[in-house]
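Structure file work-v1.pdb (PDB, C-alpha atoms) is printed below.
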ATOM      1  CA  MET A 287      20.695 -12.823  15.656
ATOM      2  CA  GLN A 288      18.937 -16.107  14.896
ATOM      3  CA  GLU A 289      18.503 -16.604  11.174
ATOM      4  CA  ARG A 290      15.002 -18.105  11.460
ATOM      5  CA  LYS A 291      13.442 -15.829  14.059
ATOM      6  CA  ALA A 292      10.268 -13.981  13.077
ATOM      7  CA  MET A 293       7.573 -11.879  14.733
ATOM      8  CA  LEU A 294       4.058 -11.818  13.328
ATOM      9  CA  ILE A 295       2.333  -8.485  13.999
ATOM     10  CA  LEU A 296      -1.300  -9.481  13.653
ATOM     11  CA  HIS A 297      -4.298  -7.168  13.420
ATOM     12  CA  GLY A 298      -6.536  -7.700  16.442
ATOM     13  CA  LYS A 299      -9.532  -8.654  14.285
ATOM     14  CA  GLN A 300      -7.607 -11.681  13.032
ATOM     15  CA  ALA A 301      -6.620 -13.038  16.446
ATOM     16  CA  MET A 302      -9.106 -15.929  16.186
ATOM     17  CA  ASN A 303      -8.392 -16.779  12.540
ATOM     18  CA  ASP A 304      -7.922 -20.571  12.471
ATOM     19  CA  ASP A 305      -6.165 -20.528   9.087
ATOM     20  CA  VAL A 306      -3.576 -18.130  10.454
ATOM     21  CA  ARG A 307      -3.100 -20.267  13.556
ATOM     22  CA  GLN A 308      -2.528 -23.385  11.477
ATOM     23  CA  ALA A 309      -0.116 -21.560   9.167
ATOM     24  CA  VAL A 310       1.916 -20.314  12.144
ATOM     25  CA  LEU A 311       2.080 -23.817  13.640
ATOM     26  CA  ALA A 312       3.219 -25.221  10.293
ATOM     27  CA  GLN A 313       6.086 -22.731  10.082
ATOM     28  CA  ARG A 314       7.144 -23.571  13.617
ATOM     29  CA  GLU A 315       7.260 -27.245  12.678
ATOM     30  CA  ARG A 316       9.590 -26.290   9.823
ATOM     31  CA  GLY A 317      12.036 -24.830  12.315
ATOM     32  CA  TRP A 318      10.975 -21.185  12.516
ATOM     33  CA  TRP A 319      11.006 -19.350  15.836
ATOM     34  CA  LEU A 320       7.765 -17.498  15.153
ATOM     35  CA  ASP A 321       6.169 -15.318  17.832
ATOM     36  CA  VAL A 322       2.825 -13.549  17.492
ATOM     37  CA  ARG A 323       1.863 -10.104  18.776
ATOM     38  CA  VAL A 324      -1.631  -8.648  18.330
ATOM     39  CA  THR A 325      -2.468  -4.982  17.726
ATOM     40  CA  TRP A 326      -5.204  -3.290  19.726
ATOM     41  CA  GLU A 327      -5.121   0.411  18.851
ATOM     42  CA  ALA A 328      -3.424   2.995  16.646
ATOM     43  CA  GLY A 329       0.336   3.044  17.066
ATOM     44  CA  ASP A 330       0.642  -0.588  18.153
ATOM     45  CA  ALA A 331       2.124  -1.820  14.877
ATOM     46  CA  GLY A 332       4.959   0.713  14.934
ATOM     47  CA  ARG A 333       5.683   0.019  18.595
ATOM     48  CA  LEU A 334       5.772  -3.734  17.979
ATOM     49  CA  VAL A 335       8.162  -3.296  15.059
ATOM     50  CA  ASP A 336      10.520  -1.391  17.358
ATOM     51  CA  GLU A 337      10.259  -4.155  19.962
ATOM     52  CA  ALA A 338      10.925  -6.849  17.354
ATOM     53  CA  LEU A 339      14.029  -5.124  16.035
ATOM     54  CA  ALA A 340      15.356  -4.443  19.523
ATOM     55  CA  ALA A 341      14.888  -8.117  20.403
ATOM     56  CA  GLY A 342      16.833  -9.285  17.360
ATOM     57  CA  TYR A 343      14.079 -10.680  15.155
ATOM     58  CA  THR A 344      15.405 -11.066  11.619
ATOM     59  CA  HIS A 345      11.953 -11.178  10.000
ATOM     60  CA  VAL A 346       8.754  -9.242  10.629
ATOM     61  CA  ILE A 347       5.379 -10.375   9.274
ATOM     62  CA  ALA A 348       2.561  -7.875   8.705
ATOM     63  CA  GLY A 349      -0.696  -9.779   9.231
ATOM     64  CA  GLY A 350      -3.755  -7.711   8.293
ATOM     65  CA  GLY A 351      -5.016  -5.378   5.605
ATOM     66  CA  ASP A 352      -3.399  -2.535   3.718
ATOM     67  CA  GLY A 353      -3.418  -0.341   6.841
ATOM     68  CA  THR A 354      -1.420  -2.865   8.864
ATOM     69  CA  LEU A 355       1.023  -3.266   5.985
ATOM     70  CA  ARG A 356       1.410   0.506   5.765
ATOM     71  CA  ASP A 357       2.179   0.884   9.466
ATOM     72  CA  VAL A 358       4.651  -1.994   9.617
ATOM     73  CA  ALA A 359       6.458  -1.066   6.390
ATOM     74  CA  GLU A 360       6.771   2.567   7.460
ATOM     75  CA  ALA A 361       8.185   1.644  10.862
ATOM     76  CA  MET A 362      10.739  -0.676   9.279
ATOM     77  CA  GLY A 363      11.691   1.920   6.701
ATOM     78  CA  GLN A 364      12.141   4.570   9.377
ATOM     79  CA  ALA A 365      14.357   2.194  11.343
ATOM     80  CA  ALA A 366      16.565   1.520   8.288
ATOM     81  CA  THR A 367      16.828  -2.089   9.405
ATOM     82  CA  GLU A 368      18.364  -5.099   7.710
ATOM     83  CA  ALA A 369      15.449  -7.204   8.972
ATOM     84  CA  SER A 370      13.026  -8.246   6.249
ATOM     85  CA  LEU A 371       9.250  -8.018   5.842
ATOM     86  CA  VAL A 372       6.754 -10.721   4.888
ATOM     87  CA  LEU A 373       3.156  -9.961   3.913
ATOM     88  CA  LEU A 374       0.271 -11.957   5.357
ATOM     89  CA  PRO A 375      -2.705 -10.326   3.573
ATOM     90  CA  LEU A 376      -5.887 -10.600   5.644
ATOM     91  CA  GLY A 377      -7.802  -7.427   4.744
ATOM     92  CA  THR A 378     -10.673  -6.538   2.436
ATOM     93  CA  ALA A 379      -8.787  -5.051  -0.495
ATOM     94  CA  ASN A 380      -5.197  -6.301  -0.026
ATOM     95  CA  ASP A 381      -4.255  -4.027  -2.905
ATOM     96  CA  PHE A 382      -0.487  -4.262  -2.624
ATOM     97  CA  ALA A 383      -0.412  -8.012  -1.986
ATOM     98  CA  ARG A 384      -2.699  -8.761  -4.931
ATOM     99  CA  ALA A 385      -0.606  -6.657  -7.304
ATOM    100  CA  ALA A 386       2.578  -8.279  -5.996
ATOM    101  CA  GLY A 387       1.252 -11.804  -6.498
ATOM    102  CA  VAL A 388       1.310 -12.686  -2.789
ATOM    103  CA  SER A 389      -1.116 -15.506  -2.017
ATOM    104  CA  LEU A 390      -4.188 -14.742   0.081
ATOM    105  CA  VAL A 391      -3.931 -18.247   1.593
ATOM    106  CA  PRO A 392      -2.136 -17.785   4.942
ATOM    107  CA  ALA A 393       0.010 -20.921   4.706
ATOM    108  CA  GLU A 394       1.197 -19.988   1.206
ATOM    109  CA  ALA A 395       1.894 -16.382   2.210
ATOM    110  CA  LEU A 396       3.974 -17.451   5.221
ATOM    111  CA  ALA A 397       5.935 -19.827   2.994
ATOM    112  CA  LEU A 398       7.608 -16.708   1.577
ATOM    113  CA  LEU A 399       9.684 -16.711   4.775
ATOM    114  CA  ASP A 400      11.817 -19.390   3.138
ATOM    115  CA  LEU A 401      12.555 -17.297   0.050
ATOM    116  CA  PRO A 402      15.241 -14.587  -0.029
ATOM    117  CA  ALA A 403      14.157 -10.999   0.528
ATOM    118  CA  ARG A 404      14.571  -8.399  -2.200
ATOM    119  CA  PRO A 405      15.451  -4.727  -1.698
ATOM    120  CA  VAL A 406      12.445  -2.578  -2.646
ATOM    121  CA  ASP A 407      11.691   1.126  -2.694
ATOM    122  CA  LEU A 408       9.438   3.133  -0.449
ATOM    123  CA  GLY A 409       7.722   6.419  -1.226
ATOM    124  CA  ARG A 410       8.216   9.441   0.999
ATOM    125  CA  VAL A 411       6.056  12.515   1.529
ATOM    126  CA  GLY A 412       7.151  14.839   4.308
ATOM    127  CA  ASP A 413       8.204  12.612   7.199
ATOM    128  CA  GLN A 414       5.912   9.736   6.161
ATOM    129  CA  LEU A 415       6.857   6.625   4.205
ATOM    130  CA  PHE A 416       4.538   4.424   2.158
ATOM    131  CA  LEU A 417       4.895   1.127   0.338
ATOM    132  CA  ASN A 418       1.936   1.103  -2.033
ATOM    133  CA  MET A 419       0.313   4.294  -3.259
ATOM    134  CA  ALA A 420      -0.912   7.797  -2.581
ATOM    135  CA  THR A 421      -4.205   8.710  -4.238
ATOM    136  CA  GLY A 422      -5.838  12.102  -4.567
ATOM    137  CA  GLY A 423      -9.139  13.555  -5.702
ATOM    138  CA  PHE A 424     -12.433  11.735  -5.818
ATOM    139  CA  GLY A 425     -10.876   8.270  -5.649
ATOM    140  CA  SER A 426      -9.230   8.994  -2.318
ATOM    141  CA  GLN A 427     -12.525  10.315  -0.931
ATOM    142  CA  VAL A 428     -14.263   7.081  -1.936
ATOM    143  CA  THR A 429     -11.587   5.000  -0.188
ATOM    144  CA  ALA A 430     -11.706   7.104   2.964
ATOM    145  CA  ASN A 431     -15.511   7.071   3.170
ATOM    146  CA  THR A 432     -16.141   3.377   2.589
ATOM    147  CA  SER A 433     -17.429   1.980   5.878
ATOM    148  CA  GLU A 434     -16.014  -1.097   7.586
ATOM    149  CA  ASP A 435     -19.486  -2.646   7.763
ATOM    150  CA  LEU A 436     -19.961  -2.243   4.014
ATOM    151  CA  LYS A 437     -16.561  -3.815   3.343
ATOM    152  CA  LYS A 438     -17.546  -6.793   5.497
ATOM    153  CA  MET A 439     -20.730  -7.254   3.457
ATOM    154  CA  LEU A 440     -19.465  -6.571  -0.060
ATOM    155  CA  GLY A 441     -15.690  -6.972   0.064
ATOM    156  CA  ALA A 442     -13.801  -4.923  -2.520
ATOM    157  CA  ALA A 443     -17.088  -4.113  -4.309
ATOM    158  CA  ALA A 444     -17.885  -1.809  -1.375
ATOM    159  CA  TYR A 445     -15.587   0.831  -2.886
ATOM    160  CA  LEU A 446     -17.541   0.835  -6.153
ATOM    161  CA  PHE A 447     -20.839   1.021  -4.259
ATOM    162  CA  THR A 448     -19.590   3.985  -2.227
ATOM    163  CA  GLY A 449     -18.371   5.728  -5.369
ATOM    164  CA  LEU A 450     -21.739   5.354  -7.066
ATOM    165  CA  SER A 451     -23.605   6.589  -3.984
ATOM    166  CA  ARG A 452     -21.391   9.691  -3.781
ATOM    167  CA  PHE A 453     -21.529  10.491  -7.505
ATOM    168  CA  SER A 454     -23.261  13.813  -6.882
ATOM    169  CA  GLU A 455     -20.195  14.951  -4.905
ATOM    170  CA  LEU A 456     -17.835  14.476  -7.842
ATOM    171  CA  GLN A 457     -15.678  17.594  -8.173
ATOM    172  CA  ALA A 458     -12.488  18.404 -10.023
ATOM    173  CA  ALA A 459      -9.415  19.828  -8.318
ATOM    174  CA  SER A 460      -7.150  22.426  -9.938
ATOM    175  CA  VAL A 461      -3.621  21.076  -9.517
ATOM    176  CA  ALA A 462      -0.089  21.708 -10.778
ATOM    177  CA  LEU A 463       2.504  18.898 -10.832
ATOM    178  CA  LYS A 464       6.214  19.242 -11.506
ATOM    179  CA  GLY A 465       9.060  16.756 -11.667
ATOM    180  CA  PRO A 466      12.293  16.185 -13.624
ATOM    181  CA  GLY A 467      11.405  16.965 -17.241
ATOM    182  CA  PHE A 468       7.681  16.912 -16.495
ATOM    183  CA  GLU A 469       5.038  19.555 -15.840
ATOM    184  CA  TRP A 470       1.252  19.284 -15.845
ATOM    185  CA  GLN A 471      -1.371  21.791 -14.794
ATOM    186  CA  GLY A 472      -5.141  21.568 -14.952
ATOM    187  CA  GLU A 473      -8.210  20.085 -13.326
ATOM    188  CA  LEU A 474      -8.164  16.448 -12.355
ATOM    189  CA  LEU A 475     -10.636  13.941 -10.990
ATOM    190  CA  ALA A 476      -8.126  11.443  -9.676
ATOM    191  CA  LEU A 477      -4.403  11.191  -9.007
ATOM    192  CA  GLY A 478      -2.257   8.170  -8.250
ATOM    193  CA  ILE A 479       1.365   8.251  -7.118
ATOM    194  CA  GLY A 480       2.362   4.637  -7.047
ATOM    195  CA  ASN A 481       5.187   2.511  -5.823
ATOM    196  CA  GLY A 482       2.627  -0.284  -6.231
ATOM    197  CA  ARG A 483      -0.057  -0.575  -8.873
ATOM    198  CA  GLN A 484      -3.543  -0.454  -7.382
ATOM    199  CA  ALA A 485      -5.625   1.097  -4.619
ATOM    200  CA  GLY A 486      -9.231   1.493  -3.537
ATOM    201  CA  GLY A 487     -10.167  -2.166  -3.727
ATOM    202  CA  GLY A 488      -8.574  -3.190  -7.015
ATOM    203  CA  GLN A 489      -8.474  -0.010  -9.118
ATOM    204  CA  VAL A 490      -5.270  -0.253 -11.159
ATOM    205  CA  LEU A 491      -4.000   3.307 -11.419
ATOM    206  CA  CYS A 492      -0.311   2.627 -12.143
ATOM    207  CA  PRO A 493      -0.220  -0.576 -14.229
ATOM    208  CA  GLU A 494       3.515  -0.455 -14.992
ATOM    209  CA  ALA A 495       4.783   0.361 -11.499
ATOM    210  CA  ARG A 496       7.793  -1.517 -10.113
ATOM    211  CA  VAL A 497       8.936  -1.561  -6.504
ATOM    212  CA  ASP A 498      12.647  -1.782  -7.263
ATOM    213  CA  ASP A 499      13.272   0.822  -9.982
ATOM    214  CA  GLY A 500      13.844   3.934  -7.857
ATOM    215  CA  LEU A 501      10.843   5.664  -9.450
ATOM    216  CA  LEU A 502       7.275   6.594  -8.617
ATOM    217  CA  ASP A 503       4.577   6.117 -11.249
ATOM    218  CA  ILE A 504       2.303   9.139 -11.709
ATOM    219  CA  ALA A 505      -1.250   8.687 -13.036
ATOM    220  CA  ILE A 506      -3.488  11.720 -13.646
ATOM    221  CA  LEU A 507      -7.126  11.487 -14.680
ATOM    222  CA  PRO A 508      -7.974  14.922 -16.135
ATOM    223  CA  ALA A 509     -11.489  16.240 -15.601
ATOM    224  CA  PRO A 510     -13.638  15.692 -18.714
ATOM    225  CA  GLN A 511     -15.484  18.513 -20.405
ATOM    226  CA  GLU A 512     -18.759  17.014 -19.238
ATOM    227  CA  MET A 513     -19.155  15.387 -15.847
ATOM    228  CA  VAL A 514     -21.588  12.733 -17.113
ATOM    229  CA  GLY A 515     -19.827   9.389 -16.911
ATOM    230  CA  ALA A 516     -16.910  10.781 -14.937
ATOM    231  CA  LEU A 517     -17.076   8.080 -12.280
ATOM    232  CA  ARG A 518     -17.101   5.428 -14.975
ATOM    233  CA  ASP A 519     -13.977   7.040 -16.439
ATOM    234  CA  LEU A 520     -12.361   7.018 -13.013
ATOM    235  CA  LEU A 521     -12.941   3.288 -12.586
ATOM    236  CA  ALA A 522     -12.386   2.027 -16.123
ATOM    237  CA  GLY A 523     -10.965   4.777 -18.342
ATOM    238  CA  GLU A 524      -7.488   3.397 -18.960
ATOM    239  CA  GLY A 525      -6.891   5.485 -22.074
ATOM    240  CA  LEU A 526      -7.789   8.747 -20.354
ATOM    241  CA  PHE A 527      -4.855   8.867 -17.936
ATOM    242  CA  VAL A 528      -1.754  11.035 -18.247
ATOM    243  CA  ARG A 529       1.191   8.937 -17.044
ATOM    244  CA  GLU A 530       4.807   9.548 -16.110
ATOM    245  CA  ARG A 531       7.551   7.841 -14.095
ATOM    246  CA  LEU A 532       9.658  10.110 -11.890
ATOM    247  CA  PRO A 533      12.094   9.961  -8.962
ATOM    248  CA  TRP A 534      10.154  12.828  -7.368
ATOM    249  CA  VAL A 535       7.152  15.034  -8.018
ATOM    250  CA  GLU A 536       5.842  18.208  -6.389
ATOM    251  CA  ILE A 537       2.116  18.925  -6.216
ATOM    252  CA  HIS A 538       0.505  22.308  -5.657
ATOM    253  CA  CYS A 539      -3.219  22.857  -5.175
ATOM    254  CA  SER A 540      -4.462  26.288  -4.047
ATOM    255  CA  GLN A 541      -7.643  24.941  -2.452
ATOM    256  CA  GLY A 542      -5.966  21.970  -0.773
ATOM    257  CA  LEU A 543      -5.924  18.416  -2.091
ATOM    258  CA  ASP A 544      -7.225  15.382  -0.215
ATOM    259  CA  ILE A 545      -4.623  12.602  -0.337
ATOM    260  CA  ASN A 546      -5.068   9.026   0.823
ATOM    261  CA  LEU A 547      -1.699   7.553   1.753
ATOM    262  CA  ASP A 548      -2.204   3.776   1.859
ATOM    263  CA  GLY A 549      -5.411   4.455   3.793
ATOM    264  CA  GLU A 550      -4.071   7.367   5.856
ATOM    265  CA  PRO A 551      -5.772  10.725   5.066
ATOM    266  CA  LEU A 552      -3.518  13.684   4.327
ATOM    267  CA  GLN A 553      -4.363  17.215   3.211
ATOM    268  CA  ALA A 554      -2.071  20.066   2.183
ATOM    269  CA  ASP A 555      -1.689  22.781  -0.454
ATOM    270  CA  SER A 556       1.831  21.671  -1.432
ATOM    271  CA  LEU A 557       3.427  18.236  -1.200
ATOM    272  CA  ARG A 558       6.626  16.663  -2.454
ATOM    273  CA  PHE A 559       6.707  12.929  -3.128
ATOM    274  CA  GLU A 560       9.940  11.060  -3.758
ATOM    275  CA  ALA A 561      11.112   7.500  -4.168
ATOM    276  CA  VAL A 562      13.495   6.105  -1.558
ATOM    277  CA  PRO A 563      15.421   3.348  -3.359
ATOM    278  CA  ALA A 564      16.071   0.012  -1.632
ATOM    279  CA  ALA A 565      14.627   1.259   1.652
ATOM    280  CA  LEU A 566      13.073  -2.066   2.702
ATOM    281  CA  HIS A 567      13.852  -5.784   2.390
ATOM    282  CA  LEU A 568      10.687  -7.560   1.264
ATOM    283  CA  HIS A 569       9.865 -11.208   0.570
ATOM    284  CA  LEU A 570       8.002 -11.496  -2.731
ATOM    285  CA  PRO A 571       7.262 -14.389  -5.092
ATOM    286  CA  PRO A 572      10.130 -14.852  -7.589
ATOM    287  CA  ASN A 573       7.809 -14.015 -10.505
ATOM    288  CA  SER A 574       6.140 -11.018  -8.822
ATOM    289  CA  PRO A 575       4.870  -8.511 -11.432
ATOM    290  CA  LEU A 576       6.182  -5.692  -9.235
ATOM    291  CA  LEU A 577       9.825  -6.734  -9.660
ATOM    292  CA  SER A 578      11.916  -5.292 -12.490
ATOM    293  CA  ARG A 579      14.158  -8.339 -12.424
ATOM    294  CA  PRO A 580      12.094 -11.409 -11.450
ATOM    295  CA  GLY A 581      13.893 -14.569 -10.458
TER
END

Have the structure of the file written as structure tokens, please.
Amino acid sequence: MQERKAMLILHGKQAMNDDVRQAVLAQRERGWWLDVRVTWEAGDAGRLVDEALAAGYTHVIAGGGDGTLRDVAEAMGQAATEASLVLLPLGTANDFARAAGVSLVPAEALALLDLPARPVDLGRVGDQLFLNMATGGFGSQVTANTSEDLKKMLGAAAYLFTGLSRFSELQAASVALKGPGFEWQGELLALGIGNGRQAGGGQVLCPEARVDDGLLDIAILPAPQEMVGALRDLLAGEGLFVRERLPWVEIHCSQGLDINLDGEPLQADSLRFEAVPAALHLHLPPNSPLLSRPG
């Protein structure tokens, strides 16, 4: 395999992005064999990852938002490849990239190709893998129901606007969680199971999460006695969360719990989440807050 051979899997909406084009040309001038493939519909990102690995590309670049990153990271994790992943954040929220300290400037993000990759964990639920976070409860409903048009107009603030507009729908879910040395049962408004730190357009649910510690960070926002101000608590109530760090956690909810898995909706009565250590090789800044051992 060629050491400097990369494929950029680019979300179709970004095909005419001049900054991306210039960044790609700059990397080619530095000696990178960098090919570009554009997604058109669901399933394209996974298929293109398979094609890249079969063709011997040593690096894959996920160019798009959190959904593109999810699809590419999952496909690479499922393939158990030695090829490495670079993030080119081009979405509205870019939750994982922001928490990881990856630049939102395309040329600076692609410059991470020249830095060594680090082994990082993935999360697993059922047969699905995720890089950033699973959220449950009202927060996941807000993320799932925020329209693309609103995100274009307001950016990350669209999630807050949607949450405020759906305040009357705020409901608690009765949930039981169990992991090694940990049990919690009660009604919650929001749940975060993080390999990364934030979701929903910048809401930091798991502020101490690391991507290389073999653990998932659990954040539970219990339902308050009174529902007045509950959305405010969801968005800003740092001291209200119950937190734990676990290699795995099982969740049971008799009425079914809505989960948002890096933007992918999921619903079930019982789910088991677990960390998959060192499942992906990822290029991150040396001082990334998500690394246990920066450098």

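The shortest atom-to-atom distance to Leu576 (chain A), with only C-alpha atoms taken into account, belongs to A:Gly387 out of A:Gly423, A:Gly387, A:Gly409, A:Pro551.
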
Show me, as JSON, the centre and edge lengths in Å to one decimal of the axis-aligned box that covers every listed atom of region 355-363 of chain A with 3 Å on each side.
{"center_x": 6.4, "center_y": -0.3, "center_z": 8.3, "size_x": 16.7, "size_y": 11.8, "size_z": 11.1}

Handout entry: Exercise: Glu536 (chain A) partners within 7 Å, all atoms listed in the file, chain neighbours under 6 positions left out, as a ChimeraX atom specification
Key = /A:463-465,557-559

Problem - For region 348-353 of chain A: contacts at 8 Å, only C-alpha atoms, fewer than 2 positions along chain excluded, given as JSON, numbers by chain - result: {"A": [294, 295, 296, 297, 300, 346, 355, 356, 357, 358, 371, 372, 373, 374, 375, 376, 377, 378, 379, 380, 381, 382, 548, 549, 550]}

Residues from the last selection, C-alpha atoms, saved as a PDB file, keeping the file's coordinate frame:
ATOM      1  CA  LEU A 294       4.058 -11.818  13.328  1.00  0.00           C
ATOM      2  CA  ILE A 295       2.333  -8.485  13.999  1.00  0.00           C
ATOM      3  CA  LEU A 296      -1.300  -9.481  13.653  1.00  0.00           C
ATOM      4  CA  HIS A 297      -4.298  -7.168  13.420  1.00  0.00           C
ATOM      5  CA  GLN A 300      -7.607 -11.681  13.032  1.00  0.00           C
ATOM      6  CA  VAL A 346       8.754  -9.242  10.629  1.00  0.00           C
ATOM      7  CA  LEU A 355       1.023  -3.266   5.985  1.00  0.00           C
ATOM      8  CA  ARG A 356       1.410   0.506   5.765  1.00  0.00           C
ATOM      9  CA  ASP A 357       2.179   0.884   9.466  1.00  0.00           C
ATOM     10  CA  VAL A 358       4.651  -1.994   9.617  1.00  0.00           C
ATOM     11  CA  LEU A 371       9.250  -8.018   5.842  1.00  0.00           C
ATOM     12  CA  VAL A 372       6.754 -10.721   4.888  1.00  0.00           C
ATOM     13  CA  LEU A 373       3.156  -9.961   3.913  1.00  0.00           C
ATOM     14  CA  LEU A 374       0.271 -11.957   5.357  1.00  0.00           C
ATOM     15  CA  PRO A 375      -2.705 -10.326   3.573  1.00  0.00           C
ATOM     16  CA  LEU A 376      -5.887 -10.600   5.644  1.00  0.00           C
ATOM     17  CA  GLY A 377      -7.802  -7.427   4.744  1.00  0.00           C
ATOM     18  CA  THR A 378     -10.673  -6.538   2.436  1.00  0.00           C
ATOM     19  CA  ALA A 379      -8.787  -5.051  -0.495  1.00  0.00           C
ATOM     20  CA  ASN A 380      -5.197  -6.301  -0.026  1.00  0.00           C
ATOM     21  CA  ASP A 381      -4.255  -4.027  -2.905  1.00  0.00           C
ATOM     22  CA  PHE A 382      -0.487  -4.262  -2.624  1.00  0.00           C
ATOM     23  CA  ASP A 548      -2.204   3.776   1.859  1.00  0.00           C
ATOM     24  CA  GLY A 549      -5.411   4.455   3.793  1.00  0.00           C
ATOM     25  CA  GLU A 550      -4.071   7.367   5.856  1.00  0.00           C
TER      26      GLU A 550
END

Handout entry: Residue nearest Ala383 (chain A) among A:Thr325, A:Ser574, A:Ser556, A:Gln489 (counting all atoms listed in the file)
Key =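 Looking at the shortest contact to Ala383 (chain A), the residue is A:Ser574.
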
Problem - Best match for closeness to His569 (chain A) among A:Cys539, A:Ala292, A:Leu401, A:Ala365, counting all atoms listed in the file - result: A:Leu401

Practice task
Given the file shown, enumerate the residues that the PyMOL selection byres ((chain A and resi 472) around 8) captures and present them as a list in words.
Solution key: Ser460, Val461, Ala462, Trp470, Gln471, Glu473, Leu474 and Pro508 of chain A

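Using all atoms listed in the file, the nearest neighbour of Pro510 (chain A) within the list A:Leu311, A:Val497, A:Ala459, A:Ile545 is A:Ala459.
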
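Using only C-alpha atoms, the nearest neighbour of Phe468 (chain A) within the list A:Cys492, A:Ala309, A:Arg531, A:Ala509 is A:Arg531.
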
Practice task
Choose the residue, out of A:Asn303, A:Thr421, A:Asn573, A:Thr354, that has the smallest atom-to-atom separation from Gln553 (chain A); count only C-alpha atoms.
Solution key: A:Thr421

Handout entry: Residues within 12 Å of (13.5, 0.7, 4.7), file coords, only C-alpha atoms, listed as a VMD selection string
Key = chain A and resid 358 to 371 404 to 410 414 to 417 561 to 568
